[in-house]
file input26.cif (mmCIF, C-alpha atoms)
data_coords
#
loop_
_atom_site.group_PDB
_atom_site.id
_atom_site.type_symbol
_atom_site.label_atom_id
_atom_site.label_comp_id
_atom_site.auth_asym_id
_atom_site.auth_seq_id
_atom_site.Cartn_x
_atom_site.Cartn_y
_atom_site.Cartn_z
ATOM 1 C CA MET A 3 32.601 -66.653 86.044
ATOM 2 C CA ASN A 4 31.673 -70.311 86.438
ATOM 3 C CA ASP A 5 30.191 -69.739 89.895
ATOM 4 C CA ASN A 6 28.053 -66.912 88.554
ATOM 5 C CA TYR A 7 26.911 -68.986 85.583
ATOM 6 C CA ASN A 8 26.050 -71.874 87.914
ATOM 7 C CA LEU A 9 24.081 -69.545 90.166
ATOM 8 C CA ARG A 10 22.009 -68.188 87.286
ATOM 9 C CA THR A 11 21.335 -71.742 86.086
ATOM 10 C CA LYS A 12 20.166 -72.750 89.559
ATOM 11 C CA ILE A 13 17.978 -69.660 89.845
ATOM 12 C CA ASP A 14 16.210 -70.697 86.627
ATOM 13 C CA LYS A 15 15.936 -74.305 87.834
ATOM 14 C CA LEU A 16 14.435 -73.257 91.168
ATOM 15 C CA LYS A 17 11.916 -70.998 89.446
ATOM 16 C CA LYS A 18 10.752 -73.868 87.243
ATOM 17 C CA ILE A 19 10.456 -76.229 90.230
ATOM 18 C CA ILE A 20 8.327 -73.760 92.194
ATOM 19 C CA TYR A 21 6.147 -72.917 89.194
ATOM 20 C CA THR A 22 5.319 -76.594 88.619
ATOM 21 C CA SER A 23 5.053 -77.526 92.309
ATOM 22 C CA PHE A 24 1.950 -78.867 94.046
ATOM 23 C CA CYS A 25 2.772 -77.628 97.538
ATOM 24 C CA CYS A 26 5.052 -74.610 97.797
ATOM 25 C CA LYS A 27 3.530 -72.466 95.084
ATOM 26 C CA GLN A 28 0.042 -73.042 96.434
ATOM 27 C CA ARG A 29 1.179 -72.220 99.988
ATOM 28 C CA ALA A 30 2.391 -68.848 98.768
ATOM 29 C CA TRP A 31 -0.882 -68.319 96.891
ATOM 30 C CA ASN A 32 -2.933 -69.253 99.954
ATOM 31 C CA LYS A 33 -1.164 -66.461 101.851
ATOM 32 C CA LYS A 34 -1.395 -63.910 99.083
ATOM 33 C CA ASP A 35 -3.369 -61.585 101.363
ATOM 34 C CA LYS A 36 -0.303 -61.456 103.586
ATOM 35 C CA GLY A 37 1.906 -60.652 100.601
ATOM 36 C CA ASN A 38 3.559 -64.064 100.164
ATOM 37 C CA TRP A 39 2.580 -64.463 96.511
ATOM 38 C CA SER A 40 3.882 -61.035 95.548
ATOM 39 C CA LYS A 41 6.967 -61.543 97.714
ATOM 40 C CA LEU A 42 7.746 -64.843 95.969
ATOM 41 C CA TRP A 43 7.902 -63.464 92.441
ATOM 42 C CA SER A 44 9.367 -60.136 93.531
ATOM 43 C CA ALA A 45 12.176 -62.104 95.187
ATOM 44 C CA PHE A 46 12.836 -63.994 91.945
ATOM 45 C CA ASP A 47 12.862 -60.752 89.950
ATOM 46 C CA ASN A 48 15.351 -59.159 92.324
ATOM 47 C CA ILE A 49 17.602 -62.224 92.517
ATOM 48 C CA GLN A 50 17.793 -62.265 88.717
ATOM 49 C CA ASP A 51 18.152 -58.494 88.357
ATOM 50 C CA ALA A 52 20.933 -58.457 90.948
ATOM 51 C CA GLN A 53 22.643 -61.317 89.112
ATOM 52 C CA SER A 54 22.444 -59.350 85.850
ATOM 53 C CA ALA A 55 24.015 -56.325 87.579
ATOM 54 C CA ILE A 56 26.782 -58.520 89.034
ATOM 55 C CA GLU A 57 27.571 -60.077 85.650
ATOM 56 C CA GLU A 58 27.558 -56.634 84.036
ATOM 57 C CA TYR A 59 30.068 -55.397 86.617
ATOM 58 C CA ILE A 60 32.368 -58.379 85.963
ATOM 59 C CA GLU A 61 32.315 -57.711 82.212
ATOM 60 C CA GLN A 62 33.164 -54.020 82.620
ATOM 61 C CA LYS A 63 36.772 -53.000 82.035
ATOM 62 C CA TYR A 64 36.374 -49.581 83.654
ATOM 63 C CA HIS A 65 34.804 -49.167 87.063
ATOM 64 C CA THR A 66 33.542 -45.881 88.416
ATOM 65 C CA LYS A 67 32.701 -45.190 92.037
ATOM 66 C CA LEU A 68 29.058 -45.372 91.000
ATOM 67 C CA SER A 69 29.561 -48.929 89.750
ATOM 68 C CA ILE A 70 31.281 -49.821 93.032
ATOM 69 C CA TYR A 71 28.306 -48.464 94.967
ATOM 70 C CA GLY A 72 26.013 -50.417 92.661
ATOM 71 C CA ILE A 73 27.792 -53.778 92.910
ATOM 72 C CA LEU A 74 27.881 -53.710 96.704
ATOM 73 C CA GLN A 75 24.186 -52.917 96.854
ATOM 74 C CA ALA A 76 23.386 -55.615 94.272
ATOM 75 C CA LEU A 77 25.145 -58.229 96.412
ATOM 76 C CA ILE A 78 23.005 -57.362 99.442
ATOM 77 C CA VAL A 79 19.786 -57.212 97.395
ATOM 78 C CA GLN A 80 20.530 -60.725 96.177
ATOM 79 C CA GLN A 81 21.158 -62.021 99.689
ATOM 80 C CA ASP A 82 17.951 -60.460 101.018
ATOM 81 C CA SER A 83 15.864 -61.689 98.098
ATOM 82 C CA ILE A 84 16.858 -65.315 98.642
ATOM 83 C CA VAL A 85 15.811 -65.011 102.298
ATOM 84 C CA HIS A 86 12.482 -63.443 101.245
ATOM 85 C CA LEU A 87 11.934 -66.233 98.715
ATOM 86 C CA GLU A 88 12.471 -68.864 101.399
ATOM 87 C CA ARG A 89 10.003 -67.154 103.710
ATOM 88 C CA ALA A 90 7.395 -66.835 100.941
ATOM 89 C CA ILE A 91 7.350 -70.611 100.352
ATOM 90 C CA ASP A 92 7.714 -71.558 104.047
ATOM 91 C CA ILE A 93 11.212 -72.964 103.733
ATOM 92 C CA LYS A 94 13.150 -72.630 106.981
ATOM 93 C CA VAL A 95 15.680 -69.807 106.675
ATOM 94 C CA PRO A 96 19.090 -70.790 108.056
ATOM 95 C CA LYS A 97 20.669 -68.539 110.662
ATOM 96 C CA PHE A 98 22.846 -65.895 109.114
ATOM 97 C CA GLU A 99 25.745 -67.024 111.308
ATOM 98 C CA SER A 100 25.840 -70.139 109.114
ATOM 99 C CA PHE A 101 27.242 -67.975 106.320
ATOM 100 C CA PRO A 102 30.187 -65.955 107.701
ATOM 101 C CA GLU A 103 31.332 -65.021 104.187
ATOM 102 C CA LEU A 104 27.942 -63.459 103.379
ATOM 103 C CA LYS A 105 27.954 -61.660 106.718
ATOM 104 C CA LYS A 106 31.389 -60.290 105.917
ATOM 105 C CA ILE A 107 30.082 -58.936 102.597
ATOM 106 C CA ARG A 108 27.192 -57.241 104.409
ATOM 107 C CA ASN A 109 29.667 -55.648 106.815
ATOM 108 C CA ILE A 110 31.728 -54.373 103.888
ATOM 109 C CA ARG A 111 28.657 -52.867 102.277
ATOM 110 C CA ASN A 112 27.487 -51.266 105.541
ATOM 111 C CA GLU A 113 30.916 -49.817 106.280
ATOM 112 C CA THR A 114 31.459 -48.388 102.820
ATOM 113 C CA ILE A 115 28.234 -47.422 101.030
ATOM 114 C CA GLY A 116 25.540 -48.363 103.530
ATOM 115 C CA HIS A 117 26.286 -46.286 106.622
ATOM 116 C CA PRO A 118 29.853 -45.024 106.157
ATOM 117 C CA SER A 119 29.692 -41.994 108.412
ATOM 118 C CA GLU A 120 28.265 -44.031 111.296
ATOM 119 C CA THR A 121 28.145 -47.806 111.320
ATOM 120 C CA LYS A 122 26.874 -49.474 114.481
ATOM 121 C CA LYS A 123 27.553 -53.117 115.081
ATOM 122 C CA LYS A 124 27.490 -55.305 118.176
ATOM 123 C CA ARG A 125 29.199 -58.574 119.043
ATOM 124 C CA SER A 126 31.141 -58.899 115.810
ATOM 125 C CA LYS A 127 34.468 -60.722 115.466
ATOM 126 C CA ASP A 128 35.575 -58.189 112.874
ATOM 127 C CA ILE A 129 38.780 -56.438 113.995
ATOM 128 C CA SER A 130 37.296 -52.968 113.473
ATOM 129 C CA TYR A 131 34.439 -53.537 115.904
ATOM 130 C CA LYS A 132 34.090 -53.709 119.645
ATOM 131 C CA ASP A 133 30.876 -54.436 121.490
ATOM 132 C CA GLY A 134 28.610 -51.481 120.937
ATOM 133 C CA ASN A 135 31.335 -49.652 118.999
ATOM 134 C CA ILE A 136 30.605 -46.989 116.381
ATOM 135 C CA THR A 137 32.877 -46.806 113.319
ATOM 136 C CA TYR A 138 33.438 -44.088 110.739
ATOM 137 C CA THR A 139 34.590 -44.884 107.216
ATOM 138 C CA SER A 140 36.174 -43.015 104.324
ATOM 139 C CA LEU A 141 36.280 -44.598 100.868
ATOM 140 C CA SER A 142 39.599 -44.018 99.112
ATOM 141 C CA THR A 143 39.339 -46.501 96.247
ATOM 142 C CA ALA A 144 40.684 -45.202 92.986
ATOM 143 C CA GLU A 145 38.520 -45.648 89.925
ATOM 144 C CA ASN A 146 39.205 -48.327 87.323
ATOM 145 C CA THR A 147 40.199 -50.992 89.853
ATOM 146 C CA ASN A 148 38.576 -53.994 91.496
ATOM 147 C CA ILE A 149 40.327 -53.298 94.792
ATOM 148 C CA LEU A 150 38.057 -51.600 97.301
ATOM 149 C CA GLU A 151 40.213 -49.656 99.759
ATOM 150 C CA TYR A 152 38.841 -47.773 102.745
ATOM 151 C CA GLN A 153 39.724 -46.607 106.228
ATOM 152 C CA VAL A 154 37.705 -47.305 109.353
ATOM 153 C CA TRP A 155 37.996 -45.202 112.496
ATOM 154 C CA SER A 156 36.545 -46.112 115.850
ATOM 155 C CA HIS A 157 36.923 -45.024 119.451
ATOM 156 C CA ASN A 158 39.670 -47.549 119.985
ATOM 157 C CA ASN A 159 41.539 -48.066 116.731
ATOM 158 C CA PHE A 160 42.119 -47.330 113.061
ATOM 159 C CA VAL A 161 42.041 -49.980 110.354
ATOM 160 C CA ASN A 162 42.955 -49.738 106.686
ATOM 161 C CA LYS A 163 41.068 -52.296 104.588
ATOM 162 C CA LYS A 164 41.540 -53.617 101.082
ATOM 163 C CA ILE A 165 38.872 -55.789 99.495
ATOM 164 C CA ASN A 166 39.014 -57.521 96.125
ATOM 165 C CA ILE A 167 35.501 -57.046 94.742
ATOM 166 C CA ILE A 168 35.768 -59.889 92.217
ATOM 167 C CA GLU A 169 36.783 -62.231 95.014
ATOM 168 C CA ILE A 170 33.774 -61.367 97.175
ATOM 169 C CA ILE A 171 31.478 -61.662 94.147
ATOM 170 C CA ASN A 172 32.773 -65.164 93.466
ATOM 171 C CA LYS A 173 32.549 -66.076 97.130
ATOM 172 C CA GLN A 174 28.911 -64.969 97.314
ATOM 173 C CA SER A 175 28.031 -66.799 94.116
ATOM 174 C CA SER A 176 29.621 -69.974 95.476
ATOM 175 C CA VAL A 177 27.801 -69.749 98.830
ATOM 176 C CA LEU A 178 24.435 -68.872 97.260
ATOM 177 C CA SER A 179 24.783 -71.722 94.759
ATOM 178 C CA ILE A 180 25.108 -74.108 97.690
ATOM 179 C CA GLU A 181 22.074 -72.521 99.352
ATOM 180 C CA MET A 182 20.124 -72.842 96.098
ATOM 181 C CA ASP A 183 21.014 -76.541 96.042
ATOM 182 C CA ARG A 184 19.662 -76.850 99.587
ATOM 183 C CA ILE A 185 16.384 -75.138 98.656
ATOM 184 C CA ILE A 186 15.971 -77.256 95.508
ATOM 185 C CA LYS A 187 16.676 -80.450 97.452
ATOM 186 C CA LYS A 188 14.222 -79.469 100.176
ATOM 187 C CA LEU A 189 11.476 -78.623 97.678
ATOM 188 C CA ASN A 190 11.963 -81.908 95.841
ATOM 189 C CA GLU A 191 11.735 -83.787 99.150
ATOM 190 C CA ILE A 192 8.511 -81.970 100.070
ATOM 191 C CA GLU A 193 6.991 -82.536 96.631
ATOM 192 C CA ASN A 194 7.920 -86.216 96.448
ATOM 193 C CA LYS A 195 6.669 -86.909 99.963
ATOM 194 C CA HIS A 196 3.395 -85.153 99.179
ATOM 195 C CA LYS A 197 2.899 -86.963 95.861
ATOM 196 C CA GLU A 198 3.651 -90.321 97.455
ATOM 197 C CA LYS A 199 0.564 -89.989 99.679
ATOM 198 C CA PHE A 200 -1.692 -90.106 96.613
ATOM 199 C CA LYS A 201 0.239 -92.557 94.483
ATOM 200 C CA TYR A 202 -2.399 -95.277 94.807
ATOM 201 C CA ASP A 203 -5.408 -93.032 95.434
ATOM 202 C CA SER A 204 -7.059 -92.433 92.073
ATOM 203 C CA LEU A 205 -9.344 -89.471 91.444
ATOM 204 C CA VAL A 206 -10.672 -91.239 88.346
ATOM 205 C CA GLU A 207 -11.795 -94.156 90.469
ATOM 206 C CA LYS A 208 -13.672 -91.782 92.777
ATOM 207 C CA LEU A 209 -15.760 -90.741 89.765
ATOM 208 C CA ALA A 210 -16.079 -94.210 88.264
ATOM 209 C CA GLN A 211 -19.823 -94.521 88.991
ATOM 210 C CA SER A 212 -20.699 -90.932 88.107
ATOM 211 C CA GLY A 213 -21.725 -91.643 84.514
ATOM 212 C CA TYR A 214 -24.044 -94.483 85.527
ATOM 213 C CA LEU A 215 -25.607 -92.475 88.353
ATOM 214 C CA ILE A 216 -26.297 -89.501 86.090
ATOM 215 C CA GLN A 217 -28.141 -91.732 83.624
ATOM 216 C CA LYS A 218 -30.632 -92.506 86.408
ATOM 217 C CA LEU A 219 -31.577 -88.840 86.699
ATOM 218 C CA TRP A 220 -33.279 -88.390 83.308
ATOM 219 C CA SER A 221 -36.979 -87.566 83.407
ATOM 220 C CA PHE A 222 -37.902 -90.830 81.660
ATOM 221 C CA GLU A 223 -36.596 -92.913 84.598
ATOM 222 C CA ASP A 224 -39.804 -94.431 86.011
ATOM 223 C CA ASN A 225 -38.539 -95.197 89.508
ATOM 224 C CA ARG A 226 -37.871 -91.759 90.999
ATOM 225 C CA HIS A 227 -36.751 -93.342 94.254
ATOM 226 C CA ILE A 228 -33.812 -94.796 92.317
ATOM 227 C CA SER A 229 -33.240 -91.350 90.798
ATOM 228 C CA LYS A 230 -33.183 -89.700 94.204
ATOM 229 C CA THR A 231 -30.853 -92.341 95.659
ATOM 230 C CA SER A 232 -28.575 -92.023 92.628
ATOM 231 C CA PHE A 233 -28.491 -88.246 93.038
ATOM 232 C CA GLU A 234 -27.536 -88.533 96.727
ATOM 233 C CA THR A 235 -24.821 -91.067 95.932
ATOM 234 C CA LEU A 236 -23.508 -88.854 93.142
ATOM 235 C CA CYS A 237 -23.286 -85.916 95.545
ATOM 236 C CA LYS A 238 -21.340 -88.020 98.061
ATOM 237 C CA ILE A 239 -18.746 -89.259 95.597
ATOM 238 C CA TYR A 240 -18.479 -85.755 94.165
ATOM 239 C CA GLU A 241 -17.733 -84.307 97.619
ATOM 240 C CA ASP A 242 -15.132 -87.029 98.142
ATOM 241 C CA PHE A 243 -13.596 -86.125 94.800
ATOM 242 C CA LYS A 244 -13.412 -82.430 95.722
ATOM 243 C CA LYS A 245 -11.709 -83.291 99.000
ATOM 244 C CA GLY A 246 -9.186 -85.348 97.040
ATOM 245 C CA VAL A 247 -8.410 -82.364 94.813
ATOM 246 C CA LYS A 248 -8.034 -80.021 97.779
ATOM 247 C CA ASP A 249 -5.734 -82.445 99.559
ATOM 248 C CA ARG A 250 -3.519 -82.838 96.511
ATOM 249 C CA TYR A 251 -3.109 -79.122 95.870
ATOM 250 C CA ASN A 252 -3.178 -77.861 99.469
ATOM 251 C CA ILE A 253 -6.302 -75.806 98.770
ATOM 252 C CA LYS A 254 -8.622 -74.886 101.605
ATOM 253 C CA THR A 255 -11.559 -74.084 99.351
ATOM 254 C CA LEU A 256 -12.507 -74.634 95.728
ATOM 255 C CA ASN A 257 -14.703 -71.551 95.600
ATOM 256 C CA LYS A 258 -11.656 -69.512 94.615
ATOM 257 C CA HIS A 259 -9.105 -70.248 91.937
ATOM 258 C CA GLY A 260 -6.450 -72.761 92.819
ATOM 259 C CA ILE A 261 -3.364 -71.360 91.182
ATOM 260 C CA ALA A 262 -2.345 -74.752 89.781
ATOM 261 C CA ILE A 263 -5.778 -75.896 88.552
ATOM 262 C CA PRO A 264 -7.979 -72.978 87.424
ATOM 263 C CA GLY A 265 -9.741 -75.161 84.815
ATOM 264 C CA ILE A 266 -10.981 -77.781 87.244
ATOM 265 C CA VAL A 267 -12.066 -75.097 89.714
ATOM 266 C CA GLU A 268 -14.263 -73.502 87.051
ATOM 267 C CA GLU A 269 -15.827 -76.888 86.191
ATOM 268 C CA ILE A 270 -16.498 -77.582 89.859
ATOM 269 C CA LYS A 271 -18.213 -74.220 90.274
ATOM 270 C CA LYS A 272 -20.494 -75.133 87.364
ATOM 271 C CA ILE A 273 -21.310 -78.562 88.810
ATOM 272 C CA ASP A 274 -21.995 -77.079 92.245
ATOM 273 C CA GLU A 275 -24.600 -74.805 90.719
ATOM 274 C CA LEU A 276 -26.186 -77.592 88.663
ATOM 275 C CA LEU A 277 -26.507 -79.903 91.667
ATOM 276 C CA LYS A 278 -28.008 -77.109 93.715
ATOM 277 C CA ARG A 279 -30.678 -76.461 91.084
ATOM 278 C CA MET A 280 -31.425 -80.152 90.478
ATOM 279 C CA GLU A 281 -31.778 -81.205 94.119
ATOM 280 C CA LYS A 282 -35.517 -80.468 94.317
ATOM 281 C CA MET A 283 -36.218 -81.513 90.730
ATOM 282 C CA VAL A 284 -34.966 -85.105 90.856
ATOM 283 C CA SER A 285 -38.053 -86.470 92.574
ATOM 284 C CA MET A 286 -40.118 -85.199 89.580
ATOM 285 C CA ASP A 287 -42.974 -83.667 91.551
ATOM 286 C CA LYS A 288 -45.913 -82.407 89.520
ATOM 287 C CA ASP A 289 -44.532 -78.846 89.347
ATOM 288 C CA VAL A 290 -41.247 -79.995 87.751
ATOM 289 C CA ASP A 291 -40.891 -79.541 84.004
ATOM 290 C CA PRO A 292 -39.271 -82.732 82.584
ATOM 291 C CA PHE A 293 -37.647 -80.739 79.790
ATOM 292 C CA ASN A 294 -35.882 -78.454 82.291
ATOM 293 C CA LEU A 295 -34.646 -81.429 84.284
ATOM 294 C CA ASP A 296 -33.265 -83.103 81.173
ATOM 295 C CA VAL A 297 -31.426 -79.933 80.171
ATOM 296 C CA TYR A 298 -29.712 -79.931 83.565
ATOM 297 C CA VAL A 299 -28.952 -83.662 83.380
ATOM 298 C CA GLU A 300 -27.337 -83.268 79.967
ATOM 299 C CA SER A 301 -25.244 -80.351 81.186
ATOM 300 C CA LEU A 302 -24.263 -82.291 84.309
ATOM 301 C CA ASP A 303 -23.278 -85.310 82.208
ATOM 302 C CA ASN A 304 -21.027 -83.137 80.028
ATOM 303 C CA SER A 305 -19.411 -81.460 83.039
ATOM 304 C CA PHE A 306 -18.674 -84.774 84.743
ATOM 305 C CA SER A 307 -17.172 -86.057 81.513
ATOM 306 C CA GLU A 308 -14.811 -83.050 81.549
ATOM 307 C CA LEU A 309 -14.137 -83.680 85.223
ATOM 308 C CA ARG A 310 -13.151 -87.306 84.601
ATOM 309 C CA ASP A 311 -10.681 -86.202 81.901
ATOM 310 C CA MET A 312 -9.140 -83.674 84.284
ATOM 311 C CA ALA A 313 -9.015 -86.283 87.038
ATOM 312 C CA ALA A 314 -7.073 -88.613 84.734
ATOM 313 C CA GLU A 315 -4.526 -85.861 84.060
ATOM 314 C CA ILE A 316 -4.098 -85.239 87.780
ATOM 315 C CA ASP A 317 -3.676 -88.968 88.446
ATOM 316 C CA ILE A 318 -0.840 -89.059 85.929
ATOM 317 C CA LYS A 319 0.856 -86.107 87.645
ATOM 318 C CA PHE A 320 0.647 -87.933 90.943
ATOM 319 C CA GLN A 321 1.934 -91.155 89.356
ATOM 320 C CA HIS A 322 -1.107 -93.286 90.071
ATOM 321 C CA SER A 323 -0.196 -96.892 89.277
ATOM 322 C CA ASN A 324 -3.315 -97.589 87.183
ATOM 323 C CA ASN A 325 -2.545 -94.630 84.962
ATOM 324 C CA LYS A 326 1.024 -95.844 84.510
ATOM 325 C CA LYS A 327 -0.305 -99.171 83.283
ATOM 326 C CA SER A 328 -2.787 -97.537 80.937
ATOM 327 C CA GLN A 329 -0.045 -95.395 79.422
ATOM 328 C CA THR A 330 2.131 -98.410 78.662
ATOM 329 C CA SER A 331 -0.685 -100.571 77.287
#

call {"tool": "encode", "arguments": {"input": "input26.cif", "output": "structure tokens"}}
result
Amino acid sequence: MNDNYNLRTKIDKLKKIIYTSFCCKQRAWNKKDKGNWSKLWSAFDNIQDAQSAIEEYIEQKYHTKLSIYGILQALIVQQDSIVHLERAIDIKVPKFESFPELKKIRNIRNETIGHPSETKKKRSKDISYKDGNITYTSLSTAENTNILEYQVWSHNNFVNKKINIIEIINKQSSVLSIEMDRIIKKLNEIENKHKEKFKYDSLVEKLAQSGYLIQKLWSFEDNRHISKTSFETLCKIYEDFKKGVKDRYNIKTLNKHGIAIPGIVEEIKKIDELLKRMEKMVSMDKDVDPFNLDVYVESLDNSFSELRDMAAEIDIKFQHSNNKKSQTS
């Protein structure tokens, strides 16, 4: 039962890592049109549901043939779901030959409850198979036992098989726990390597001049050339800031919600619209209403203030050194 408990614990740990990730979760979201986002969480649901079914089987004292059918199917669902999870987050899926014990379990399922009246298999080392051979199986397991007994006929031989279901459950749990460790280790490596790139690149510093530049946009600023230059500079540092956000969260565009940062995306959409409206007003031509300009400037000032707060939170997540110092001071 320890292997099964460990597997469930690692499933929960992996789910938390992906949910809080900067890279892998966003990669799945970016490919949601191809089904990756749905596949990711569907895979988690099925891994956990299969684990619940497996644990329920272990706790049962009386096993019917229906429960035997169910446990064998649950084992394969769990195997498949882990593969689908890896594909959804672009983690390289190891070749199935790397897991002979899991392959053996799949063969047992296919022979018994998958395709018992005609199982086709090529190039297998299993004694009941020959290249291109077709086998035929009859299930003779008595109820209320964990021993799966069945007979396999083929063109060339007859084999009687006995399988201890609890043993194959524990074997799968042990193998999948190791695979979960590999996935968790790989994700942590990807996340740490990605975060390291931005460790000393502060988003707050990119916006450091924004407050000063916005103050030069008010209608009462006499030198409108300074206002226009300040507006252009503000736009440049703002674009640099947006690029920094996209790079950190692997987002191609900020026009749509980034799954990890919906709040900042909404604020950026607001600022984009404000800058677009203000572009022709900053020079304060005779047809520009000063009151309207000031309303926009005030709104822009508030939005950039929110943006700087969000930038500080992101810097902390990416372990920017200046933020570390400010936290300890």

call {"tool": "residues_around", "arguments": {"input": "input26.cif", "residues": "Ile70 in chain A", "least_positions_apart": "6", "cutoff": "9 Å", "atoms": "only C-alpha atoms", "output": "list in words"}}
result
Tyr59, Ile115, Glu145, Asn148, Leu150 and Ile167 of chain A

call {"tool": "resolve_selection", "arguments": {"input": "input26.cif", "expression": "the PyMOL selection byres ((chain A and resi 78) around 9)", "output": "short mmCIF file (atom, residue, chain, number, x, y, z; two decimals) with C-alpha atoms, keeping the file's coordinate frame"}}
result
data_model
loop_
_atom_site.label_atom_id
_atom_site.label_comp_id
_atom_site.auth_asym_id
_atom_site.auth_seq_id
_atom_site.Cartn_x
_atom_site.Cartn_y
_atom_site.Cartn_z
CA ALA A 52 20.93 -58.46 90.95
CA ILE A 73 27.79 -53.78 92.91
CA LEU A 74 27.88 -53.71 96.70
CA GLN A 75 24.19 -52.92 96.85
CA ALA A 76 23.39 -55.62 94.27
CA LEU A 77 25.14 -58.23 96.41
CA VAL A 79 19.79 -57.21 97.40
CA GLN A 80 20.53 -60.72 96.18
CA GLN A 81 21.16 -62.02 99.69
CA ASP A 82 17.95 -60.46 101.02
CA SER A 83 15.86 -61.69 98.10
CA LEU A 104 27.94 -63.46 103.38
CA ILE A 107 30.08 -58.94 102.60
CA ARG A 108 27.19 -57.24 104.41
CA ARG A 111 28.66 -52.87 102.28
#

call {"tool": "axis_aligned_box", "arguments": {"input": "input26.cif", "around": "range 54-71 of chain A", "padding_each_side": "8 Å", "output": "lines of an AutoDock Vina configuration file"}}
result
center_x = 29.6
center_y = -52.6
center_z = 88.5
size_x = 30.3
size_y = 30.9
size_z = 28.9

call {"tool": "atom_distance", "arguments": {"input": "input26.cif", "atom1": "CA of Glu169 in chain A", "atom2": "CA of Asn8 in chain A"}}
result
16.1 Å

call {"tool": "closest_residue", "arguments": {"input": "input26.cif", "among": "A:Val267, A:Asn172, A:Phe160, A:Ile91", "to": "Phe24 in chain A", "atoms": "only C-alpha atoms"}}
result
A:Ile91

call {"tool": "closest_residue", "arguments": {"input": "input26.cif", "among": "A:Ala45, A:Val284, A:Met312, A:Ile110", "to": "Ile165 in chain A", "atoms": "only C-alpha atoms"}}
result
A:Ile110

call {"tool": "atom_distance", "arguments": {"input": "input26.cif", "atom1": "CA of Arg29 in chain A", "atom2": "CA of Trp43 in chain A"}}
result
13.4 Å

call {"tool": "resolve_selection", "arguments": {"input": "input26.cif", "expression": "the PyMOL selection byres ((chain A and resi 239) around 10)", "output": "list of chain:residue names"}}
result
A:Glu207, A:Lys208, A:Leu209, A:Ala210, A:Gln211, A:Ser212, A:Glu234, A:Thr235, A:Leu236, A:Cys237, A:Lys238, A:Tyr240, A:Glu241, A:Asp242, A:Phe243, A:Lys244, A:Lys245

call {"tool": "residues_around", "arguments": {"input": "input26.cif", "residues": "Lys164 in chain A", "least_positions_apart": "3", "cutoff": "9 Å", "atoms": "all atoms listed in the file", "output": "PDB file with C-alpha atoms, in the frame of the given file"}}
result
ATOM      1  CA  THR A 143      39.339 -46.501  96.247  1.00  0.00           C
ATOM      2  CA  ILE A 149      40.327 -53.298  94.792  1.00  0.00           C
ATOM      3  CA  LEU A 150      38.057 -51.600  97.301  1.00  0.00           C
ATOM      4  CA  GLU A 151      40.213 -49.656  99.759  1.00  0.00           C
ATOM      5  CA  TYR A 152      38.841 -47.773 102.745  1.00  0.00           C
ATOM      6  CA  GLN A 153      39.724 -46.607 106.228  1.00  0.00           C
TER       7      GLN A 153
END

call {"tool": "atom_distance", "arguments": {"input": "input26.cif", "atom1": "CA of Ile192 in chain A", "atom2": "CA of Asn32 in chain A"}}
result
17.1 Å

call {"tool": "residues_around", "arguments": {"input": "input26.cif", "residues": "Ala30 in chain A", "least_positions_apart": "3", "cutoff": "7 Å", "atoms": "all atoms listed in the file", "output": "ChimeraX atom specification"}}
result
/A:26-27,33-34,38-39,90-91

call {"tool": "residues_around", "arguments": {"input": "input26.cif", "residues": "Gln62 in chain A", "least_positions_apart": "4", "cutoff": "12 Å", "atoms": "all atoms listed in the file", "output": "list of chain:residue names"}}
result
A:Ala55, A:Ile56, A:Glu57, A:Glu58, A:Thr66, A:Ser69, A:Ile70, A:Ile73, A:Asn146, A:Thr147, A:Asn148, A:Ile168

call {"tool": "resolve_selection", "arguments": {"input": "input26.cif", "expression": "the PyMOL selection byres ((chain A and resi 230) around 10)", "output": "PyMOL selection string"}}
result
chain A and resi 215+218-219+225-229+231-236+281-286

call {"tool": "residues_near_point", "arguments": {"input": "input26.cif", "point": "(24.7, -68.8, 107.6)", "cutoff": "12 Å", "atoms": "only C-alpha atoms", "output": "list in words"}}
result
Gln81, Val85, Val95, Pro96, Lys97, Phe98, Glu99, Ser100, Phe101, Pro102, Glu103, Leu104, Lys105, Lys106, Gln174, Val177, Leu178, Ile180 and Glu181 of chain A

call {"tool": "residues_around", "arguments": {"input": "input26.cif", "residues": "Arg250 in chain A", "least_positions_apart": "4", "cutoff": "9 Å", "atoms": "all atoms listed in the file", "output": "ChimeraX atom specification"}}
result
/A:24-25,196-197,199-200,245-246,320

call {"tool": "residues_near_point", "arguments": {"input": "input26.cif", "point": "(-32.0, -76.3, 86.2)", "cutoff": "6 Å", "atoms": "all atoms listed in the file", "output": "NGL selection string"}}
result
:A and (279-280 or 294 or 298)

call {"tool": "closest_residue", "arguments": {"input": "input26.cif", "among": "A:Gly37, A:Glu300, A:Gln217, A:Leu189", "to": "Tyr21 in chain A", "atoms": "only C-alpha atoms"}}
result
A:Leu189
